[in-house]
Amino acid sequence: MKRIISYIAIPFIFILFAFWILAVKNGFMLRWYDEMSLFEPGMDSLRQFLHYPGGIFRFAGTFLTQLLFYPALGASALILIWLVCAWLTRISFRFSGGMYALCYLIPLCMLASVLHLDEGCLSFESQGYVFYNSLGFTFSLLAYTLFSVLRRSVYARCAIAVFLPLLYPIAGFFSLLPALMCAIRLGMEVAKTKKIMPAIFAAASIALILIIPLVYYRYFPGTTVDNDYLYLKGLPELTMDDYDWYLWQPFAIATVILLAFVIMSLFIDTEKATGSKVMTGCSVALFFIGIIFCLSADSKKSEQLRATVLMIDAIENHDWNKATHIMSLTKESPNYTMCVLDNLARSYIGKPRNTTSGMMTVTKDFRHDEDHTIKIFVNVPVNYNIGRFNQSHRWATDQNVQYGNRVYYLKYMVRNAIMNGDMEFAKKFNRLLQRTMFHRKWAEDMNRYIEDPSLIPTLPDYDFLMALRAEEIMRGE
């Protein structure tokens, strides 16, 4: 009965919590992450991703990111991946009974990585980020699970340990991690079996883990020459500076947990430990610590950024009253970014604008730099909605080149081209959106204006857009 409760209660709590915090509490952020990505189908796109270790997971993650257009669907897909991850953890380390709660520590780390993202979505190449890390760790567990289930075949296990580092060009870090786990397990088993062969293959695996990435970057044609963080390729392109530590945390913790599980599996008889009240208590406690970690990650979200995302969404839907209402609901003091958007909305509904003099905040942390947020996120819609189509186009194009094609920028590039009468340019980029899963409808609607420019005056707020007003929204004058 206790086992049934464990196998039902823990998954139920995890699923309920993950769905609530993702789809219900942060659904609009998931939708925003979809806007900040673009999946381009075809072999050319796949080859581009495969030029980098771990690119196969980024390609798959970028495809799955489209599901975030419907937050409930995207959250469900993530939870399904995490349940597979938990199932593989259970098989690999034979966790059962009270220890079953340990299976959800890696999924909780991946959930925290999504909750941590926020501004990071703006300032680094984040295509597929929400999904590809979870896919990568699931692959690592799948590889180690295969190693574990072949426990009676020493030759097969040794072959897996040596073969995994060779997958570095495809899987990157996510092939090196299970290879290291296998090598540790083989090396520590030598003391029990007194056989020398596992030790030889463990040493060979470690050697390949060190050598293969160096050989790959030295001789493999068509790849980047950047070898910074060589052994971490496949993980997000982050820096090792202090302000990126919060983004590294979930991946570092997940890696340490998996290595700890490998060592623990050699010293603890999981079948005997299943009935231990101490082990059960520790396992359940760690599970709830993981939930607290996720709640902490969510609580540290900037309410100002969340308000900015919601206000821009309202502006894109021409709901100007909602944009100003969001401004009034925030508990934190409004920042310069929010005031700019509020002034834009006020201009459309005829309300007086507020001054923004002296409001810009300065920080050395570029992940949370408001000036950076203005440049790569807010300038695009603001300039478009005050009729400055060339400026909006410039900002959208610059960021699209620097950070890769994103739905958010492409939409404004299409809009600006239509307003400037450059239908060939609009058609070129609208075609990319027509190939997406859920933004196709928007692209098809815009295609009407491209094919028949006489319909352009029927665009929402067309007269206001074409007024080319001189008011300085940025300064609140």
# chains A, B, ... in the order shown; residues from 1 in each chain; ligands from 1
call {"tool": "residues_around", "arguments": {"residues": "region 62-65 of chain A", "least_positions_apart": "2", "cutoff": "8 Å", "atoms": "only C-alpha atoms", "output": "VMD selection string"}}
result
chain A and resid 33 to 34 37 to 39 58 to 60 67 to 69 74 127 to 132
call {"tool": "select_by_dssp", "arguments": {"residues": "region 202-444 of chain A", "states": "helix (DSSP H, G or I)", "output": "number ranges by chain"}}
result
A: 202-219, 230-232, 242-267, 270-273, 277-299, 303-316, 320-329, 336-349, 366-368, 370-385, 389-403, 407-419, 423-434, 440-444
call {"tool": "closest_residue", "arguments": {"among": "A:Phe147, A:Phe288, A:Phe124, A:Phe293", "to": "Leu238 (chain A)", "atoms": "only C-alpha atoms"}}
result
A:Phe124
call {"tool": "residues_around", "arguments": {"residues": "Cys103 (chain A)", "least_positions_apart": "3", "cutoff": "7 Å", "atoms": "only C-alpha atoms", "output": "list in words"}}
result
Ala86, Thr89, Arg90 and Tyr100 of chain A
call {"tool": "write_last_selection", "arguments": {"atoms": "C-alpha atoms", "output": "mmCIF file, in the first residue's frame"}}
result
data_model
loop_
_atom_site.group_PDB
_atom_site.id
_atom_site.type_symbol
_atom_site.label_atom_id
_atom_site.label_comp_id
_atom_site.auth_asym_id
_atom_site.auth_seq_id
_atom_site.Cartn_x
_atom_site.Cartn_y
_atom_site.Cartn_z
ATOM 1 C CA ALA A 86 11.819 10.193 -13.906
ATOM 2 C CA THR A 89 15.954 7.420 -13.319
ATOM 3 C CA ARG A 90 13.901 4.767 -11.542
ATOM 4 C CA TYR A 100 10.869 6.914 -5.618
#
call {"tool": "closest_residue", "arguments": {"among": "A:Arg394, A:Leu177, A:Met110, A:Ile79", "to": "Pro11 (chain A)", "atoms": "only C-alpha atoms"}}
result
A:Ile79
call {"tool": "closest_residue", "arguments": {"among": "A:Val84, A:Val190, A:Leu167, A:Leu341", "to": "Leu208 (chain A)", "atoms": "only C-alpha atoms"}}
result
A:Leu167
call {"tool": "atom_distance", "arguments": {"atom1": "CA of Asn420 (chain A)", "atom2": "CA of Asn379 (chain A)"}}
result
17.9 Å
